[in-house]
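File shown: data-v2.csv. Contents: CSV, C-alpha atoms.
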```csv
chain,number,residue,atom,x,y,z
H,4,MET,CA,99.9,14.9,22.3
H,5,ASN,CA,98.3,14.5,25.8
H,6,ARG,CA,99.5,16.5,28.8
H,7,LYS,CA,101.8,13.8,30.1
H,8,GLU,CA,103.5,13.5,26.7
H,9,LEU,CA,103.8,17.3,26.6
H,10,ALA,CA,105.3,17.4,30.1
H,11,LEU,CA,108.0,14.9,29.1
H,12,ALA,CA,108.6,16.5,25.7
H,13,GLN,CA,109.1,20.1,27.0
H,14,PRO,CA,112.6,21.5,27.2
H,15,GLU,CA,114.1,22.3,30.6
H,16,PRO,CA,112.5,25.4,32.2
H,17,MET,CA,114.3,28.7,32.3
H,18,ALA,CA,116.7,29.3,35.3
H,19,CYS,CA,115.7,32.1,37.6
H,20,LYS,CA,118.8,34.3,37.9
H,21,SER,CA,117.8,35.7,41.3
H,22,ASP,CA,117.8,32.2,42.9
H,23,SER,CA,120.3,31.3,45.6
H,24,ASP,CA,122.1,28.0,45.1
H,25,PHE,CA,119.7,26.3,47.6
H,26,LYS,CA,116.6,27.8,46.0
H,27,ALA,CA,117.8,26.8,42.6
H,28,ARG,CA,118.2,23.2,43.7
H,29,CYS,CA,114.7,23.3,45.3
H,30,ARG,CA,113.2,24.7,42.1
H,31,GLU,CA,114.8,21.9,40.1
H,32,ARG,CA,113.5,19.3,42.5
H,33,GLN,CA,109.9,20.7,42.3
H,34,SER,CA,110.1,21.0,38.6
H,35,ASP,CA,111.2,17.4,38.3
H,36,PHE,CA,108.4,16.3,40.6
H,37,ARG,CA,105.9,18.2,38.5
H,38,ARG,CA,107.2,16.6,35.3
H,39,HIS,CA,107.8,13.0,36.4
H,40,VAL,CA,105.3,12.4,39.3
H,41,LEU,CA,102.4,14.8,38.6
H,42,GLN,CA,103.1,14.4,34.9
H,43,VAL,CA,101.8,17.8,33.9
H,44,PRO,CA,103.5,20.5,31.8
H,45,TYR,CA,104.6,24.0,32.8
H,46,ASP,CA,103.5,27.2,31.0
H,47,PRO,CA,106.6,28.7,29.3
H,48,ASN,CA,104.6,31.9,28.7
H,49,ASP,CA,103.7,32.5,32.3
H,50,ARG,CA,105.9,34.9,34.3
H,51,PHE,CA,106.2,32.4,37.1
H,52,GLY,CA,105.4,29.2,35.2
H,53,LYS,CA,108.3,29.5,32.9
H,54,TYR,CA,110.7,28.5,35.7
H,55,GLY,CA,109.0,25.1,36.0
H,56,ALA,CA,107.9,25.0,39.7
H,57,PHE,CA,104.5,26.8,39.2
H,58,LEU,CA,101.5,24.7,38.3
H,59,CYS,CA,99.2,25.6,35.4
H,60,LYS,CA,95.8,26.9,36.5
H,61,GLU,CA,93.9,23.7,35.7
H,62,ASP,CA,96.4,21.6,37.7
H,63,ALA,CA,96.5,24.1,40.6
H,64,ASP,CA,92.7,24.1,40.7
H,65,ALA,CA,92.7,20.3,40.8
H,66,GLY,CA,94.8,20.4,43.9
H,67,LEU,CA,97.9,18.7,42.5
H,68,ASN,CA,100.0,20.6,45.0
H,69,PHE,CA,98.7,18.3,47.7
H,70,PHE,CA,99.3,14.6,48.4
H,71,GLU,CA,96.8,12.5,46.5
H,72,TRP,CA,95.7,10.2,49.4
H,73,PHE,CA,94.6,13.2,51.5
H,74,ARG,CA,93.8,15.6,48.7
H,75,GLU,CA,90.0,15.6,48.9
H,76,GLU,CA,90.0,16.2,52.7
H,77,ILE,CA,92.7,18.9,52.3
H,78,LEU,CA,90.7,20.7,49.6
H,79,GLN,CA,87.5,20.6,51.7
H,80,ALA,CA,89.4,21.9,54.8
H,81,ILE,CA,91.0,24.7,52.7
H,82,ALA,CA,87.6,25.7,51.3
H,83,GLU,CA,86.2,26.0,54.9
H,84,ARG,CA,89.3,27.9,56.1
H,85,TYR,CA,89.3,30.3,53.1
H,86,PRO,CA,85.7,30.9,51.9
H,87,ASN,CA,86.8,34.1,50.1
H,88,MET,CA,90.3,33.3,48.9
H,89,THR,CA,92.0,35.9,46.8
H,90,ALA,CA,93.7,35.2,43.5
H,91,SER,CA,97.1,35.9,45.2
H,92,GLN,CA,96.3,33.5,48.1
H,93,HIS,CA,95.2,30.9,45.6
H,94,ASP,CA,98.5,31.1,43.6
H,95,GLY,CA,100.6,30.9,46.7
H,96,LEU,CA,98.8,27.9,48.1
H,97,PHE,CA,97.7,26.0,45.0
H,98,ALA,CA,100.1,26.8,42.3
H,99,ASN,CA,103.5,27.8,43.7
H,100,MET,CA,105.5,24.6,44.5
H,101,LEU,CA,108.4,26.5,46.0
H,102,ARG,CA,106.6,28.5,48.7
H,103,SER,CA,105.8,27.0,52.0
H,104,GLU,CA,102.0,27.6,52.2
H,105,HIS,CA,101.1,24.1,51.0
H,106,ILE,CA,103.6,22.2,53.1
H,107,PRO,CA,101.6,22.3,56.5
H,108,TRP,CA,98.7,20.8,54.7
H,109,ASN,CA,100.9,17.9,53.3
H,110,VAL,CA,102.9,17.3,56.4
H,111,PHE,CA,100.7,18.0,59.4
H,112,PHE,CA,97.1,17.6,58.2
H,113,PRO,CA,97.5,13.9,57.7
H,114,MET,CA,98.8,13.6,61.3
H,115,LYS,CA,95.2,14.4,62.4
H,116,HIS,CA,94.3,10.8,61.4
H,117,ASP,CA,96.2,9.3,64.3
H,118,LEU,CA,96.7,11.7,67.2
H,119,LYS,CA,98.4,9.1,69.3
H,120,ARG,CA,101.2,8.7,66.8
H,121,ALA,CA,101.3,12.4,66.3
H,122,ARG,CA,101.9,12.7,70.1
H,123,LYS,CA,104.8,10.3,69.8
H,124,VAL,CA,106.3,12.2,66.9
H,125,LEU,CA,106.1,15.6,68.6
H,126,ASN,CA,107.4,14.3,72.0
H,127,ASP,CA,110.3,12.7,70.2
H,128,ILE,CA,111.1,16.0,68.4
H,129,LEU,CA,110.8,18.0,71.7
H,130,GLY,CA,112.9,15.5,73.5
H,131,SER,CA,115.7,15.5,70.9
H,132,ILE,CA,116.2,19.2,70.9
H,133,GLY,CA,115.2,20.2,74.5
H,134,ASP,CA,114.2,18.8,77.8
H,135,SER,CA,110.5,18.3,76.9
H,136,LYS,CA,110.5,14.6,76.1
H,137,ASN,CA,107.2,14.0,77.9
H,138,GLU,CA,105.7,17.5,77.4
H,139,ILE,CA,102.6,16.3,75.6
H,140,ASP,CA,100.3,13.8,77.4
H,141,GLU,CA,97.5,14.0,74.8
H,142,VAL,CA,97.2,15.8,71.4
H,143,LEU,CA,93.7,17.2,71.3
H,144,ASP,CA,93.7,18.8,67.9
H,145,ILE,CA,95.9,19.9,65.0
H,146,ARG,CA,94.8,23.0,63.1
H,147,ILE,CA,96.3,24.4,59.9
H,148,GLU,CA,96.5,28.2,59.5
H,149,TRP,CA,94.8,29.0,62.8
H,150,ALA,CA,94.8,32.2,64.9
H,151,PRO,CA,93.3,33.0,68.3
H,152,ASP,CA,91.1,36.0,68.9
H,153,LYS,CA,93.4,38.9,67.7
H,154,LYS,CA,91.9,41.4,70.2
H,155,MET,CA,93.2,39.2,73.0
H,156,THR,CA,96.6,38.6,71.5
H,157,LEU,CA,98.5,40.8,69.0
H,158,ASP,CA,95.6,42.8,67.5
H,159,ASP,CA,96.7,41.9,63.9
H,160,ASN,CA,96.3,39.0,61.5
H,161,THR,CA,99.3,36.9,62.7
H,162,SER,CA,98.4,33.2,62.7
H,163,PHE,CA,100.2,29.9,63.2
H,164,ASP,CA,101.0,27.8,60.2
H,165,VAL,CA,100.1,24.9,62.4
H,166,PHE,CA,98.7,24.9,65.9
H,167,VAL,CA,98.7,21.8,68.1
H,168,GLU,CA,96.4,21.9,71.1
H,169,TYR,CA,97.5,19.5,73.8
H,170,ARG,CA,97.2,18.5,77.4
H,171,HIS,CA,100.0,18.3,79.9
H,172,GLY,CA,98.6,17.0,83.2
H,173,ASN,CA,95.8,19.3,83.9
H,174,GLU,CA,97.3,22.1,82.0
H,175,ARG,CA,96.3,23.4,78.5
H,176,GLY,CA,99.3,23.5,76.1
H,177,GLY,CA,99.8,24.9,72.7
H,178,LEU,CA,102.5,24.2,70.1
H,179,GLY,CA,102.7,26.9,67.4
H,180,ILE,CA,104.6,25.8,64.3
H,181,GLU,CA,106.0,28.1,61.6
H,182,VAL,CA,107.0,26.2,58.4
H,183,LYS,CA,109.6,27.5,55.9
H,184,PHE,CA,110.9,26.1,52.7
H,185,THR,CA,112.9,28.5,50.4
H,186,GLU,CA,111.8,31.7,52.1
H,187,MET,CA,114.0,33.9,54.2
H,188,GLY,CA,113.2,37.2,56.0
H,189,TYR,CA,110.8,39.8,54.7
H,190,PRO,CA,110.1,43.5,55.5
H,191,PHE,CA,107.3,45.2,57.3
H,192,GLY,CA,105.1,47.5,55.4
H,193,LYS,CA,105.6,51.1,56.3
H,194,LYS,CA,102.2,51.5,58.1
H,195,GLU,CA,102.6,48.2,60.0
H,196,TYR,CA,106.2,49.1,61.1
H,197,HIS,CA,104.9,52.4,62.5
H,198,GLU,CA,102.0,50.9,64.3
H,199,VAL,CA,103.7,47.8,65.7
H,200,MET,CA,107.4,48.8,66.1
H,201,GLU,CA,107.4,52.5,66.8
H,202,ASN,CA,104.3,52.6,69.0
H,203,PRO,CA,105.4,52.0,72.6
H,204,LYS,CA,101.9,51.0,73.5
H,205,SER,CA,101.4,48.4,70.8
H,206,HIS,CA,100.4,44.9,71.7
H,207,TYR,CA,103.8,43.7,70.5
H,208,ALA,CA,105.5,46.1,72.9
H,209,ARG,CA,103.3,45.2,75.8
H,210,VAL,CA,103.5,41.5,75.4
H,211,THR,CA,107.3,41.6,74.9
H,212,ALA,CA,107.9,43.8,77.9
H,213,ASN,CA,105.8,41.4,80.1
H,214,CYS,CA,107.1,38.2,78.7
H,215,PRO,CA,109.6,36.0,80.7
H,216,TYR,CA,110.9,34.5,77.5
H,217,PHE,CA,113.1,37.5,76.7
H,218,THR,CA,116.2,38.8,78.5
H,219,ASP,CA,115.9,41.9,80.7
H,220,GLU,CA,117.8,43.9,78.1
H,221,VAL,CA,115.3,43.1,75.5
H,222,ARG,CA,112.2,43.7,77.7
H,223,LYS,CA,113.5,47.1,78.9
H,224,SER,CA,114.4,48.3,75.4
H,225,ALA,CA,112.1,49.9,72.8
H,226,ILE,CA,111.4,47.2,70.2
H,227,LYS,CA,112.7,49.4,67.4
H,228,ASP,CA,116.1,49.4,69.2
H,229,THR,CA,116.3,45.5,69.2
H,230,ILE,CA,116.9,43.1,66.4
H,231,LEU,CA,113.4,41.6,66.9
H,232,CYS,CA,111.9,43.9,64.4
H,233,GLN,CA,114.6,43.3,61.8
H,234,ASN,CA,113.5,41.4,58.7
H,235,ASP,CA,115.4,38.2,59.5
H,236,PHE,CA,113.8,37.8,63.0
H,237,ARG,CA,110.3,39.1,62.5
H,238,GLN,CA,108.4,35.9,61.8
H,239,VAL,CA,110.1,33.8,64.4
H,240,TRP,CA,109.5,36.5,67.0
H,241,ARG,CA,105.8,36.9,66.0
H,242,ASN,CA,105.1,33.2,66.2
H,243,HIS,CA,106.8,33.1,69.7
H,244,LEU,CA,105.0,36.2,70.8
H,245,LEU,CA,101.5,35.1,69.7
H,246,GLY,CA,101.8,32.1,72.0
H,247,ALA,CA,103.1,34.2,74.8
H,248,ALA,CA,100.1,36.5,74.4
H,249,MET,CA,97.8,33.5,74.7
H,250,VAL,CA,99.5,32.5,78.0
H,251,GLN,CA,99.4,36.0,79.4
H,252,ASN,CA,95.6,36.2,78.7
H,253,GLY,CA,94.8,32.8,80.2
H,254,MET,CA,94.1,31.1,76.9
H,255,LEU,CA,96.9,28.6,77.6
H,256,ASP,CA,98.9,27.5,80.6
H,257,ARG,CA,102.1,26.7,78.5
H,258,PHE,CA,103.3,27.3,75.0
H,259,ILE,CA,106.1,26.1,72.7
H,260,SER,CA,107.0,27.8,69.4
H,261,MET,CA,108.6,25.7,66.7
H,262,THR,CA,110.1,26.7,63.4
H,263,VAL,CA,110.5,23.9,60.8
H,264,PHE,CA,112.7,24.3,57.8
H,265,PRO,CA,115.0,22.2,55.5
H,266,SER,CA,118.6,22.0,56.7
H,267,GLY,CA,119.8,23.5,53.4
H,268,ASN,CA,118.1,26.8,54.3
H,269,LYS,CA,121.1,28.4,55.9
H,270,HIS,CA,119.2,31.6,56.6
H,271,PHE,CA,117.1,30.0,59.3
H,272,ASP,CA,120.1,28.0,60.5
H,273,ARG,CA,121.7,31.4,61.3
H,274,VAL,CA,118.5,33.0,62.6
H,275,GLN,CA,118.0,30.3,65.2
H,276,ARG,CA,121.4,30.8,66.8
H,277,GLU,CA,121.1,34.6,66.9
H,278,TYR,CA,117.5,34.7,68.1
H,279,ARG,CA,118.2,32.3,71.0
H,280,THR,CA,120.8,34.8,72.4
H,281,LEU,CA,117.8,37.1,73.2
H,282,LEU,CA,116.0,34.5,75.3
H,283,THR,CA,116.1,33.5,78.9
H,284,PRO,CA,116.4,29.8,79.8
H,285,GLN,CA,112.6,29.7,79.9
H,286,GLY,CA,112.4,31.4,76.5
H,287,ARG,CA,114.9,29.0,75.0
H,288,SER,CA,113.0,26.0,76.2
H,289,SER,CA,109.8,27.4,74.6
H,290,CYS,CA,111.3,28.2,71.2
H,291,LEU,CA,112.7,25.3,69.2
H,292,PHE,CA,114.0,24.9,65.6
H,293,VAL,CA,113.8,21.5,63.8
H,294,SER,CA,114.8,20.4,60.3
H,295,PHE,CA,112.6,18.7,57.8
H,296,GLU,CA,115.1,15.9,57.9
H,297,LYS,CA,114.6,15.3,61.6
H,298,LEU,CA,110.9,15.7,61.4
H,299,PHE,CA,110.6,13.2,58.6
H,300,ASP,CA,112.9,10.7,60.5
H,301,PHE,CA,110.5,10.8,63.4
H,302,LEU,CA,107.5,10.4,61.1
H,303,THR,CA,109.1,7.3,59.6
H,304,VAL,CA,109.8,5.8,63.0
H,305,ASN,CA,106.4,6.4,64.5
H,306,TYR,CA,104.3,5.7,61.5
H,307,SER,CA,106.2,2.5,60.3
H,308,GLY,CA,103.9,-0.4,59.9
H,309,THR,CA,100.9,1.7,59.1
H,310,GLU,CA,100.2,0.9,55.5
H,311,HIS,CA,98.1,4.0,55.0
H,312,HIS,CA,101.0,6.4,55.9
H,313,VAL,CA,104.0,4.8,54.2
H,314,PRO,CA,103.3,6.4,50.8
H,315,TRP,CA,102.7,9.7,52.5
H,316,ILE,CA,106.1,9.7,54.2
H,317,ARG,CA,107.8,8.6,51.0
H,318,TYR,CA,106.1,11.5,49.2
H,319,LEU,CA,107.3,14.0,51.8
H,320,ILE,CA,110.9,12.8,51.7
H,321,ASN,CA,111.2,12.7,48.0
H,322,ARG,CA,109.4,16.0,47.4
H,323,TYR,CA,110.9,18.2,50.0
H,324,LEU,CA,114.4,16.9,50.9
H,325,VAL,CA,116.3,18.5,48.0
H,326,ASP,CA,119.6,16.7,48.8
H,327,TYR,CA,118.0,13.3,49.4
H,328,GLU,CA,119.0,10.7,46.8
H,329,ARG,CA,116.0,10.4,44.4
H,330,MET,CA,114.1,7.2,44.3
H,331,ASP,CA,112.8,5.9,41.0
H,332,PHE,CA,110.0,8.4,40.3
H,333,SER,CA,107.8,5.6,39.1
H,334,GLU,CA,107.5,4.5,42.8
H,335,LEU,CA,105.7,7.8,43.5
H,336,ILE,CA,103.3,7.7,40.7
H,337,ASP,CA,99.7,6.5,41.2
H,338,LEU,CA,100.2,6.1,45.0
H,339,SER,CA,96.5,5.4,45.4
H,340,ASP,CA,96.7,2.2,43.3
```
In structure tokens, write the structure found in this file.
Amino acid sequence: MNRKELALAQPEPMACKSDSDFKARCRERQSDFRRHVLQVPYDPNDRFGKYGAFLCKEDADAGLNFFEWFREEILQAIAERYPNMTASQHDGLFANMLRSEHIPWNVFFPMKHDLKRARKVLNDILGSIGDSKNEIDEVLDIRIEWAPDKKMTLDDNTSFDVFVEYRHGNERGGLGIEVKFTEMGYPFGKKEYHEVMENPKSHYARVTANCPYFTDEVRKSAIKDTILCQNDFRQVWRNHLLGAAMVQNGMLDRFISMTVFPSGNKHFDRVQREYRTLLTPQGRSSCLFVSFEKLFDFLTVNYSGTEHHVPWIRYLINRYLVDYERMDFSELIDLSD
């Protein structure tokens, strides 16, 4: 029995009892995708693999978590970005189909092939959820998992899932994107909490206090006394603050933070409403939230008629939109033919 036959013959994977309803549906979607599109089996004896949405080592190593048409380029870029990748990093990026680490590579890396269309997509998004319809005059670069000099910003390892360098008139702009899938909030480590939250002279405290994005009440309060350091808001705030630090240090003239997540992830739907209450009008215009659904709609509109990208957008919609009516899986198999 070959691996395709084994994948089709295997029983349904175990259910993960700790899953929320949304995460369970996402897990089922990814497991179906593995079975019917990638046509590879799961490992019922692996503590993660037994749930169906975690690739076997040989399939992970082959890069099957990434879209086939761009896979070779993505794998080369990842090797350059992570020359000393740990086993944990490898599992999160290459094997785990439910985590978000691989999604920036599948969604935003292909946009590098046509920066003019990427500009249209991003301006359409910005215009649909704010007043920045013509914010981006030219996209200069799209970088995955990128961080500026930490000594000039937050003095830690905070990075953008995606960083878009752009031009607005004669000004240097940056769009920092945080991508989420099934994740929610997560806690600080004890040491990190002490150094970042409880130290009134930390980079976080300094940048927040001097940042026009936050209300006076927030800027004049100790960080530990605000909701910013709570688990639910930590990542949104860090992404926003990293860009603010770049502006304060003259690395950028303007910055927009964007969090991208599927509409079924109600955690971030709530977080966006609560986080925005801490912001000034300038802060609200510099911090946006957009659903996968809206992003993929704009990709569809702006990349229509480009034969090279049609299978890519179809892949994104059918893999990541858990409530989207499934197409015939056969239409997603061997997209390179």
Residue contacts of Tyr189 in chain H (8 Å, all atoms listed in the file) excluding same-chain residues fewer than 5 positions away, as a PyMOL selection string: chain H and resi 234-235+237
Residue subset to file, keeping C-alpha atoms, as a PDB file, in the frame of the given file:
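Written out: result-v7.pdb:
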```pdb
ATOM      1  CA  ASN H 234     113.500  41.400  58.700  1.00  0.00           C
ATOM      2  CA  ASP H 235     115.400  38.200  59.500  1.00  0.00           C
ATOM      3  CA  ARG H 237     110.300  39.100  62.500  1.00  0.00           C
TER       4      ARG H 237
END
```
Which residues, protein or nucleic acid, reach to within 8 Å of (104.1, 25.5, 39.0) in the file's coordinates when using only C-alpha atoms, and can you give that as number ranges by chain? H: 34, 37, 45, 51-52, 54-59, 63, 98-100
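Taking CA of Lys123 in chain H and CA of Asn305 in chain H as the two end points, the separation is 6.8 Å.
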In Å to one decimal, how far is CA of Asp158 in chain H from CA of Asp219 in chain H? 24.2 Å
Pick from H:Asp22, H:Asp46, H:Asp256, H:Asp272, whichever lies nearest to Arg170 in chain H using all atoms listed in the file: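 Checking each candidate against Arg170 in chain H, we get H:Asp256 as the closest.
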Would you be able to write out as a VMD selection string which residues have an atom within 12 Å of (99.3, 40.0, 69.1) in the file's coordinates, counting all atoms listed in the file? chain H and resid 150 to 163 199 205 to 211 240 to 252
With distances taken over only C-alpha atoms, which of H:Trp108, H:Gly177, H:Lys227, H:Leu298 is nearest to Met254 in chain H?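 Counting only C-alpha atoms, the residue closest to Met254 in chain H is H:Gly177.
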Show which residues sit within 10 Å of Ile106 in chain H, as an MDAnalysis selection string. Count only C-alpha atoms, and ignore same-chain residues fewer than 5 positions away. chainID H and resid 68:70 96 100:101 111:112 164 182:184 319 323
I'd like the neighbourhood of Leu9 in chain H as a list in words, where a residue qualifies if any of its atoms comes within 10 Å (using only C-alpha atoms), though same-chain residues fewer than 6 positions away should be ignored. Arg38, Gln42, Val43, Pro44 and Tyr45 of chain H
Can you write range 164-174 of chain H from the block above with all heavy atoms, as a PDB file, in the first residue's frame?
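Here's the written file part_37.pdb:
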```pdb
ATOM      1  N   ASP H 164       5.322  39.301  11.719  1.00  0.00           N
ATOM      2  CA  ASP H 164       5.087  38.140  10.858  1.00  0.00           C
ATOM      3  C   ASP H 164       5.327  38.527   9.404  1.00  0.00           C
ATOM      4  O   ASP H 164       5.911  37.756   8.631  1.00  0.00           O
ATOM      5  CB  ASP H 164       3.648  37.631  11.022  1.00  0.00           C
ATOM      6  CG  ASP H 164       3.408  36.968  12.360  1.00  0.00           C
ATOM      7  OD1 ASP H 164       4.390  36.598  13.035  1.00  0.00           O
ATOM      8  OD2 ASP H 164       2.231  36.808  12.746  1.00  0.00           O
ATOM      9  N   VAL H 165       4.869  39.714   9.050  1.00  0.00           N
ATOM     10  CA  VAL H 165       5.089  40.273   7.711  1.00  0.00           C
ATOM     11  C   VAL H 165       5.388  41.758   7.880  1.00  0.00           C
ATOM     12  O   VAL H 165       4.718  42.442   8.656  1.00  0.00           O
ATOM     13  CB  VAL H 165       3.853  40.112   6.802  1.00  0.00           C
ATOM     14  CG1 VAL H 165       4.147  40.636   5.393  1.00  0.00           C
ATOM     15  CG2 VAL H 165       3.384  38.662   6.750  1.00  0.00           C
ATOM     16  N   PHE H 166       6.385  42.247   7.173  1.00  0.00           N
ATOM     17  CA  PHE H 166       6.654  43.687   7.163  1.00  0.00           C
ATOM     18  C   PHE H 166       6.659  44.164   5.726  1.00  0.00           C
ATOM     19  O   PHE H 166       7.399  43.637   4.886  1.00  0.00           O
ATOM     20  CB  PHE H 166       7.994  44.008   7.820  1.00  0.00           C
ATOM     21  CG  PHE H 166       8.279  45.491   7.880  1.00  0.00           C
ATOM     22  CD1 PHE H 166       7.642  46.292   8.816  1.00  0.00           C
ATOM     23  CD2 PHE H 166       9.153  46.078   6.978  1.00  0.00           C
ATOM     24  CE1 PHE H 166       7.891  47.660   8.869  1.00  0.00           C
ATOM     25  CE2 PHE H 166       9.411  47.440   7.017  1.00  0.00           C
ATOM     26  CZ  PHE H 166       8.771  48.238   7.961  1.00  0.00           C
ATOM     27  N   VAL H 167       5.807  45.141   5.449  1.00  0.00           N
ATOM     28  CA  VAL H 167       5.727  45.739   4.113  1.00  0.00           C
ATOM     29  C   VAL H 167       6.366  47.121   4.176  1.00  0.00           C
ATOM     30  O   VAL H 167       5.898  48.005   4.903  1.00  0.00           O
ATOM     31  CB  VAL H 167       4.268  45.856   3.637  1.00  0.00           C
ATOM     32  CG1 VAL H 167       4.212  46.489   2.240  1.00  0.00           C
ATOM     33  CG2 VAL H 167       3.586  44.487   3.634  1.00  0.00           C
ATOM     34  N   GLU H 168       7.451  47.289   3.450  1.00  0.00           N
ATOM     35  CA  GLU H 168       8.095  48.594   3.345  1.00  0.00           C
ATOM     36  C   GLU H 168       7.478  49.321   2.154  1.00  0.00           C
ATOM     37  O   GLU H 168       7.385  48.758   1.054  1.00  0.00           O
ATOM     38  CB  GLU H 168       9.600  48.425   3.145  1.00  0.00           C
ATOM     39  CG  GLU H 168      10.358  49.739   3.023  1.00  0.00           C
ATOM     40  CD  GLU H 168      11.837  49.547   2.692  1.00  0.00           C
ATOM     41  OE1 GLU H 168      12.257  48.372   2.541  1.00  0.00           O
ATOM     42  OE2 GLU H 168      12.548  50.559   2.575  1.00  0.00           O
ATOM     43  N   TYR H 169       7.032  50.552   2.373  1.00  0.00           N
ATOM     44  CA  TYR H 169       6.379  51.274   1.285  1.00  0.00           C
ATOM     45  C   TYR H 169       6.749  52.743   1.287  1.00  0.00           C
ATOM     46  O   TYR H 169       7.367  53.264   2.224  1.00  0.00           O
ATOM     47  CB  TYR H 169       4.853  51.088   1.355  1.00  0.00           C
ATOM     48  CG  TYR H 169       4.161  51.744   2.525  1.00  0.00           C
ATOM     49  CD1 TYR H 169       3.681  53.057   2.433  1.00  0.00           C
ATOM     50  CD2 TYR H 169       3.943  51.056   3.721  1.00  0.00           C
ATOM     51  CE1 TYR H 169       3.018  53.655   3.494  1.00  0.00           C
ATOM     52  CE2 TYR H 169       3.287  51.651   4.787  1.00  0.00           C
ATOM     53  CZ  TYR H 169       2.825  52.949   4.666  1.00  0.00           C
ATOM     54  OH  TYR H 169       2.177  53.548   5.727  1.00  0.00           O
ATOM     55  N   ARG H 170       6.348  53.415   0.223  1.00  0.00           N
ATOM     56  CA  ARG H 170       6.578  54.844   0.080  1.00  0.00           C
ATOM     57  C   ARG H 170       5.236  55.565   0.021  1.00  0.00           C
ATOM     58  O   ARG H 170       4.321  55.135  -0.663  1.00  0.00           O
ATOM     59  CB  ARG H 170       7.386  55.125  -1.199  1.00  0.00           C
ATOM     60  CG  ARG H 170       7.685  56.601  -1.467  1.00  0.00           C
ATOM     61  CD  ARG H 170       8.459  56.780  -2.764  1.00  0.00           C
ATOM     62  NE  ARG H 170       7.717  56.251  -3.910  1.00  0.00           N
ATOM     63  CZ  ARG H 170       6.706  56.890  -4.511  1.00  0.00           C
ATOM     64  NH1 ARG H 170       6.301  58.078  -4.070  1.00  0.00           N
ATOM     65  NH2 ARG H 170       6.099  56.330  -5.545  1.00  0.00           N
ATOM     66  N   HIS H 171       5.130  56.677   0.765  1.00  0.00           N
ATOM     67  CA  HIS H 171       3.968  57.562   0.701  1.00  0.00           C
ATOM     68  C   HIS H 171       4.502  58.960   0.434  1.00  0.00           C
ATOM     69  O   HIS H 171       5.037  59.608   1.329  1.00  0.00           O
ATOM     70  CB  HIS H 171       3.181  57.536   2.014  1.00  0.00           C
ATOM     71  CG  HIS H 171       2.019  58.482   2.038  1.00  0.00           C
ATOM     72  ND1 HIS H 171       0.773  58.139   1.547  1.00  0.00           N
ATOM     73  CD2 HIS H 171       1.917  59.768   2.465  1.00  0.00           C
ATOM     74  CE1 HIS H 171      -0.043  59.169   1.691  1.00  0.00           C
ATOM     75  NE2 HIS H 171       0.630  60.169   2.240  1.00  0.00           N
ATOM     76  N   GLY H 172       4.388  59.413  -0.816  1.00  0.00           N
ATOM     77  CA  GLY H 172       5.038  60.659  -1.185  1.00  0.00           C
ATOM     78  C   GLY H 172       6.537  60.501  -0.990  1.00  0.00           C
ATOM     79  O   GLY H 172       7.164  59.571  -1.503  1.00  0.00           O
ATOM     80  N   ASN H 173       7.112  61.405  -0.196  1.00  0.00           N
ATOM     81  CA  ASN H 173       8.538  61.313   0.106  1.00  0.00           C
ATOM     82  C   ASN H 173       8.793  60.652   1.457  1.00  0.00           C
ATOM     83  O   ASN H 173       9.921  60.669   1.952  1.00  0.00           O
ATOM     84  CB  ASN H 173       9.158  62.715   0.101  1.00  0.00           C
ATOM     85  CG  ASN H 173       9.150  63.332  -1.287  1.00  0.00           C
ATOM     86  OD1 ASN H 173       9.388  62.632  -2.275  1.00  0.00           O
ATOM     87  ND2 ASN H 173       8.874  64.621  -1.364  1.00  0.00           N
ATOM     88  N   GLU H 174       7.750  60.081   2.041  1.00  0.00           N
ATOM     89  CA  GLU H 174       7.875  59.503   3.368  1.00  0.00           C
ATOM     90  C   GLU H 174       8.076  57.990   3.305  1.00  0.00           C
ATOM     91  O   GLU H 174       7.562  57.311   2.412  1.00  0.00           O
ATOM     92  CB  GLU H 174       6.645  59.820   4.213  1.00  0.00           C
ATOM     93  CG  GLU H 174       6.494  61.302   4.519  1.00  0.00           C
ATOM     94  CD  GLU H 174       5.326  61.569   5.449  1.00  0.00           C
ATOM     95  OE1 GLU H 174       4.263  60.924   5.283  1.00  0.00           O
ATOM     96  OE2 GLU H 174       5.466  62.417   6.345  1.00  0.00           O
TER      97      GLU H 174
END
```
